[in-house]
$ cat protein20.cif   # mmCIF, C-alpha atoms
data_protein
#
loop_
_atom_site.group_PDB
_atom_site.id
_atom_site.type_symbol
_atom_site.label_atom_id
_atom_site.label_comp_id
_atom_site.auth_asym_id
_atom_site.auth_seq_id
_atom_site.Cartn_x
_atom_site.Cartn_y
_atom_site.Cartn_z
ATOM 1 C CA MET A 1 75.454 90.454 83.580
ATOM 2 C CA ALA A 2 73.009 91.127 80.735
ATOM 3 C CA ASP A 3 74.692 88.665 78.350
ATOM 4 C CA LYS A 4 74.430 85.627 80.660
ATOM 5 C CA ARG A 5 72.226 82.732 79.641
ATOM 6 C CA ILE A 6 69.582 81.696 82.143
ATOM 7 C CA ASN A 7 67.220 78.730 82.560
ATOM 8 C CA ASN A 8 66.067 77.295 79.183
ATOM 9 C CA ALA A 9 68.588 79.385 77.208
ATOM 10 C CA ILE A 10 71.403 77.069 78.416
ATOM 11 C CA ARG A 11 71.950 74.637 75.505
ATOM 12 C CA VAL A 12 74.540 72.114 76.716
ATOM 13 C CA ALA A 13 74.122 68.536 77.878
ATOM 14 C CA GLU A 14 75.714 68.829 81.315
ATOM 15 C CA VAL A 15 77.009 71.561 83.599
ATOM 16 C CA ARG A 16 79.068 71.980 86.749
ATOM 17 C CA LEU A 17 76.476 73.143 89.274
ATOM 18 C CA ILE A 18 76.926 75.494 92.230
ATOM 19 C CA ASP A 19 73.917 75.691 94.552
ATOM 20 C CA GLN A 20 72.410 78.851 96.094
ATOM 21 C CA ASN A 21 74.707 78.533 99.147
ATOM 22 C CA GLY A 22 77.837 78.634 96.953
ATOM 23 C CA GLU A 23 78.715 74.951 97.391
ATOM 24 C CA GLN A 24 79.694 72.785 94.431
ATOM 25 C CA VAL A 25 77.199 70.051 93.653
ATOM 26 C CA GLY A 26 79.200 68.522 90.798
ATOM 27 C CA ILE A 27 78.671 67.776 87.120
ATOM 28 C CA ILE A 28 75.024 67.013 86.393
ATOM 29 C CA ALA A 29 72.581 67.125 83.462
ATOM 30 C CA VAL A 30 71.050 70.506 82.597
ATOM 31 C CA SER A 31 67.517 69.173 83.016
ATOM 32 C CA GLU A 32 68.287 68.081 86.581
ATOM 33 C CA ALA A 33 69.948 71.433 87.360
ATOM 34 C CA LEU A 34 66.902 73.255 85.991
ATOM 35 C CA SER A 35 64.526 71.152 88.094
ATOM 36 C CA ARG A 36 66.597 71.892 91.222
ATOM 37 C CA ALA A 37 66.489 75.623 90.469
ATOM 38 C CA GLN A 38 62.727 75.555 89.867
ATOM 39 C CA ALA A 39 62.195 73.595 93.088
ATOM 40 C CA GLU A 40 63.916 76.421 95.000
ATOM 41 C CA ASP A 41 61.938 79.023 92.934
ATOM 42 C CA LEU A 42 65.239 80.450 91.636
ATOM 43 C CA ASP A 43 67.037 80.705 88.273
ATOM 44 C CA LEU A 44 69.823 78.634 86.748
ATOM 45 C CA VAL A 45 72.439 81.130 85.539
ATOM 46 C CA GLU A 46 75.442 80.268 83.362
ATOM 47 C CA ILE A 47 78.412 81.869 85.155
ATOM 48 C CA SER A 48 81.344 80.629 83.083
ATOM 49 C CA PRO A 49 80.269 79.552 79.567
ATOM 50 C CA MET A 50 83.815 78.877 78.305
ATOM 51 C CA ALA A 51 84.662 76.262 80.957
ATOM 52 C CA LYS A 52 84.438 72.528 80.161
ATOM 53 C CA PRO A 53 81.689 71.793 81.217
ATOM 54 C CA PRO A 54 80.123 75.271 81.656
ATOM 55 C CA VAL A 55 79.652 76.438 85.254
ATOM 56 C CA CYS A 56 76.084 77.289 86.319
ATOM 57 C CA LYS A 57 74.795 78.646 89.589
ATOM 58 C CA ILE A 58 71.372 78.591 91.194
ATOM 59 C CA MET A 59 70.465 82.170 92.186
ATOM 60 C CA ASP A 60 67.813 84.868 92.026
ATOM 61 C CA TYR A 61 68.881 86.433 88.715
ATOM 62 C CA GLY A 62 66.651 89.515 88.982
ATOM 63 C CA LYS A 63 67.997 90.356 92.436
ATOM 64 C CA SER A 64 71.641 89.886 91.434
ATOM 65 C CA LYS A 65 71.123 91.995 88.283
ATOM 66 C CA PHE A 66 69.558 94.781 90.376
ATOM 67 C CA GLU A 67 72.447 94.718 92.876
ATOM 68 C CA GLU A 68 75.012 94.871 90.038
ATOM 69 C CA GLU A 69 73.278 97.910 88.497
ATOM 70 C CA LYS A 70 73.130 99.555 91.926
ATOM 71 C CA ARG A 71 76.874 98.966 92.422
ATOM 72 C CA LEU A 72 77.677 100.437 88.995
ATOM 73 C CA LYS A 73 75.490 103.474 89.667
ATOM 74 C CA GLU A 74 77.259 104.067 92.992
ATOM 75 C CA ALA A 75 80.661 103.802 91.285
ATOM 76 C CA ARG A 76 79.610 106.381 88.670
ATOM 77 C CA LYS A 77 78.550 108.760 91.447
ATOM 78 C CA LYS A 78 81.939 108.547 93.136
ATOM 79 C CA GLN A 79 84.097 109.086 90.057
ATOM 80 C CA LYS A 80 85.427 112.566 89.395
ATOM 81 C CA ILE A 81 85.679 113.863 85.857
ATOM 82 C CA VAL A 82 88.831 115.924 85.326
ATOM 83 C CA HIS A 83 88.704 118.536 82.596
ATOM 84 C CA LEU A 84 91.678 120.097 80.813
ATOM 85 C CA LYS A 85 91.390 123.886 80.870
ATOM 86 C CA GLU A 86 93.711 126.064 78.795
ATOM 87 C CA VAL A 87 95.112 129.440 79.795
ATOM 88 C CA LYS A 88 96.930 131.313 77.004
ATOM 89 C CA PHE A 89 99.676 133.868 77.509
ATOM 90 C CA ARG A 90 101.883 135.998 75.269
ATOM 91 C CA PRO A 91 105.622 136.598 75.814
ATOM 92 C CA LYS A 92 105.074 140.348 76.432
ATOM 93 C CA ILE A 93 101.977 140.080 78.659
ATOM 94 C CA ASP A 94 100.994 143.005 80.882
ATOM 95 C CA ASP A 95 101.026 142.494 84.675
ATOM 96 C CA HIS A 96 97.279 143.001 85.065
ATOM 97 C CA ASP A 97 96.461 140.515 82.283
ATOM 98 C CA PHE A 98 98.972 138.080 83.752
ATOM 99 C CA GLY A 99 97.366 138.303 87.193
ATOM 100 C CA PHE A 100 93.877 137.856 85.767
ATOM 101 C CA LYS A 101 94.825 134.738 83.767
ATOM 102 C CA VAL A 102 96.814 133.180 86.605
ATOM 103 C CA LYS A 103 93.862 133.635 88.973
ATOM 104 C CA ASN A 104 91.677 131.775 86.467
ATOM 105 C CA ALA A 105 94.261 128.984 86.317
ATOM 106 C CA LEU A 106 94.289 128.873 90.117
ATOM 107 C CA LYS A 107 90.475 128.564 90.174
ATOM 108 C CA PHE A 108 90.634 125.671 87.716
ATOM 109 C CA LEU A 109 93.278 123.869 89.781
ATOM 110 C CA GLN A 110 91.332 124.358 93.016
ATOM 111 C CA ARG A 111 88.269 122.803 91.342
ATOM 112 C CA GLY A 112 90.385 119.751 90.525
ATOM 113 C CA ASP A 113 90.854 120.386 86.801
ATOM 114 C CA LYS A 114 94.128 120.187 84.911
ATOM 115 C CA VAL A 115 95.493 123.382 83.369
ATOM 116 C CA LYS A 116 97.312 123.651 80.060
ATOM 117 C CA VAL A 117 99.494 126.764 80.149
ATOM 118 C CA THR A 118 100.280 127.993 76.632
ATOM 119 C CA VAL A 119 102.600 130.821 75.619
ATOM 120 C CA ARG A 120 101.900 131.699 71.986
ATOM 121 C CA PHE A 121 104.519 133.400 69.822
ATOM 122 C CA ARG A 122 103.791 135.532 66.745
ATOM 123 C CA GLY A 123 106.162 136.616 64.009
ATOM 124 C CA ARG A 124 109.504 137.864 65.298
ATOM 125 C CA GLU A 125 108.710 136.924 68.893
ATOM 126 C CA MET A 126 110.104 133.482 67.984
ATOM 127 C CA ALA A 127 113.575 135.055 68.086
ATOM 128 C CA HIS A 128 113.263 135.350 71.896
ATOM 129 C CA PRO A 129 111.999 132.045 73.322
ATOM 130 C CA GLU A 130 113.548 132.896 76.694
ATOM 131 C CA LEU A 131 110.739 135.456 77.229
ATOM 132 C CA GLY A 132 108.182 132.669 76.892
ATOM 133 C CA PHE A 133 110.047 130.441 79.326
ATOM 134 C CA GLN A 134 110.203 133.368 81.777
ATOM 135 C CA VAL A 135 106.400 133.689 81.583
ATOM 136 C CA ILE A 136 105.988 129.942 82.130
ATOM 137 C CA THR A 137 108.326 130.030 85.147
ATOM 138 C CA LYS A 138 106.490 133.052 86.567
ATOM 139 C CA VAL A 139 103.135 131.239 86.215
ATOM 140 C CA LYS A 140 104.463 128.093 87.869
ATOM 141 C CA ASN A 141 106.042 130.027 90.752
ATOM 142 C CA PHE A 142 102.823 131.974 91.365
ATOM 143 C CA LEU A 143 100.704 128.814 91.402
ATOM 144 C CA VAL A 144 103.152 126.845 93.574
ATOM 145 C CA ASP A 145 102.891 129.606 96.191
ATOM 146 C CA GLN A 146 99.092 129.237 96.279
ATOM 147 C CA ILE A 147 98.368 125.526 95.755
ATOM 148 C CA VAL A 148 100.278 122.243 95.676
ATOM 149 C CA VAL A 149 100.751 121.553 91.970
ATOM 150 C CA GLN A 150 102.436 118.737 90.136
ATOM 151 C CA GLU A 151 103.882 119.308 86.698
ATOM 152 C CA GLU A 152 102.364 116.683 84.433
ATOM 153 C CA LYS A 153 104.145 117.824 81.267
ATOM 154 C CA LYS A 154 107.283 119.950 81.406
ATOM 155 C CA ALA A 155 107.377 123.194 79.445
ATOM 156 C CA ALA A 156 108.360 122.464 75.837
ATOM 157 C CA PHE A 157 107.978 123.930 72.380
ATOM 158 C CA GLU A 158 105.211 122.634 70.148
ATOM 159 C CA GLY A 159 105.295 124.609 66.926
ATOM 160 C CA ARG A 160 104.981 128.312 67.814
ATOM 161 C CA ASN A 161 103.814 127.603 71.364
ATOM 162 C CA ILE A 162 105.414 126.676 74.657
ATOM 163 C CA ILE A 163 103.096 124.263 76.455
ATOM 164 C CA MET A 164 103.099 123.037 80.045
ATOM 165 C CA ILE A 165 100.373 120.999 81.755
ATOM 166 C CA LEU A 166 99.758 121.364 85.491
ATOM 167 C CA ALA A 167 97.558 119.152 87.644
ATOM 168 C CA PRO A 168 96.378 119.710 91.212
ATOM 169 C CA SER A 169 98.123 117.492 93.703
ATOM 170 C CA LYS A 170 96.151 115.142 95.919
ATOM 171 C CA LYS A 171 97.237 117.296 98.893
ATOM 172 C CA GLY A 172 95.240 120.265 97.560
ATOM 173 C CA VAL A 173 95.386 123.836 98.815
ATOM 174 C CA LYS A 174 98.258 124.995 100.999
ATOM 175 C CA LYS A 175 97.527 126.390 104.424
ATOM 176 C CA PRO A 176 98.016 130.161 104.848
ATOM 177 C CA SER A 177 100.906 129.553 107.275
ATOM 178 C CA GLU A 178 102.816 127.598 104.597
ATOM 179 C CA ARG A 179 102.337 130.427 102.083
ATOM 180 C CA ASN A 180 103.660 133.040 104.554
ATOM 181 C CA GLU A 181 106.726 130.916 105.376
ATOM 182 C CA LYS A 182 107.507 130.533 101.659
ATOM 183 C CA GLN A 183 107.230 134.289 101.055
ATOM 184 C CA ASN A 184 109.283 135.216 104.147
ATOM 185 C CA GLY A 185 111.931 132.490 103.729
#

$ encode --input "protein20.cif" --output "structure tokens"
Amino acid sequence: MADKRINNAIRVAEVRLIDQNGEQVGIIAVSEALSRAQAEDLDLVEISPMAKPPVCKIMDYGKSKFEEEKRLKEARKKQKIVHLKEVKFRPKIDDHDFGFKVKNALKFLQRGDKVKVTVRFRGREMAHPELGFQVITKVKNFLVDQIVVQEEKKAAFEGRNIIMILAPSKKGVKKPSERNEKQNG
């Protein structure tokens, strides 16, 4: 709304005028439109400059600008920023380290962040990619038992790493009864 021309900044001969009630007045000279706006103690605002002739409306420009800023501020408040967190594993990871890293991944998912699960290979470990895929599967199974997760990017090799991206589902955390059924069934 900041780039709109108002009042004397409108430099065309005639405009299509819309009054303060939203009704079309018709095509009239700019000077007449300006005098109508000033008579109502309002502004003449160019709404559609590319139209032939340009469309102008009689309104309180300051009030409409304030309301637009208020709407944008409210929209910024409501939006959620999703971060991508990375959790790195090795093909021969110890159980305790595995549990610690998976719990961190679970925390990130519960907060609403995406998680990039990476299994990094060094040297001769590249000869056994199945170990990396086993770790990835173990991570996914552990997280699926705890929280509803959707796989955004399937596990795949990228250089010396296997990468998978998980995102929390809109449904969120599973109820304890669902977890028990999954473990018992």

$ residues_near_point --input "protein20.cif" --point "(98.2, 130.9, 88.8)" --cutoff "6 Å" --atoms "all atoms listed in the file" --output "PyMOL selection string"
chain A and resi 102-103+105-106+139+142-143

$ closest_residue --input "protein20.cif" --among "A:Gly159, A:Pro168, A:Pro91, A:Gly112" --to "Gly132 (chain A)" --atoms "all atoms listed in the file"
A:Pro91

$ residues_around --input "protein20.cif" --residues "Lys153 (chain A)" --least-positions-apart "6" --cutoff "10 Å" --atoms "only C-alpha atoms" --output "list in words"
Lys116, Ile163, Met164, Ile165, Leu166 and Ala167 of chain A

$ write_last_selection --input "protein20.cif" --atoms "C-alpha atoms" --output "short mmCIF file (atom, residue, chain, number, x, y, z; two decimals), in the coordinates of the input"
data_model
loop_
_atom_site.label_atom_id
_atom_site.label_comp_id
_atom_site.auth_asym_id
_atom_site.auth_seq_id
_atom_site.Cartn_x
_atom_site.Cartn_y
_atom_site.Cartn_z
CA LYS A 116 97.31 123.65 80.06
CA ILE A 163 103.10 124.26 76.46
CA MET A 164 103.10 123.04 80.04
CA ILE A 165 100.37 121.00 81.76
CA LEU A 166 99.76 121.36 85.49
CA ALA A 167 97.56 119.15 87.64
#

$ resolve_selection --input "protein20.cif" --expression "the PyMOL selection byres ((chain A and resi 141) around 12)" --output "list of chain:residue names"
A:Val102, A:Leu106, A:Gln134, A:Val135, A:Ile136, A:Thr137, A:Lys138, A:Val139, A:Lys140, A:Phe142, A:Leu143, A:Val144, A:Asp145, A:Gln146, A:Ile147, A:Val148, A:Val149, A:Gln150, A:Glu151, A:Leu166, A:Arg179, A:Lys182, A:Gln183

$ atom_distance --input "protein20.cif" --atom1 "CA of Ala37 (chain A)" --atom2 "CA of Glu69 (chain A)"
23.4 Å

$ resolve_selection --input "protein20.cif" --expression "the PyMOL selection byres ((chain A and resi 6-16) around 6)" --output "PyMOL selection string"
chain A and resi 5+17+26-30+44-45+53-55

$ residues_around --input "protein20.cif" --residues "Arg90 (chain A)" --least-positions-apart "5" --cutoff "7 Å" --atoms "all atoms listed in the file" --output "JSON, numbers by chain"
{"A": [119, 120, 121]}
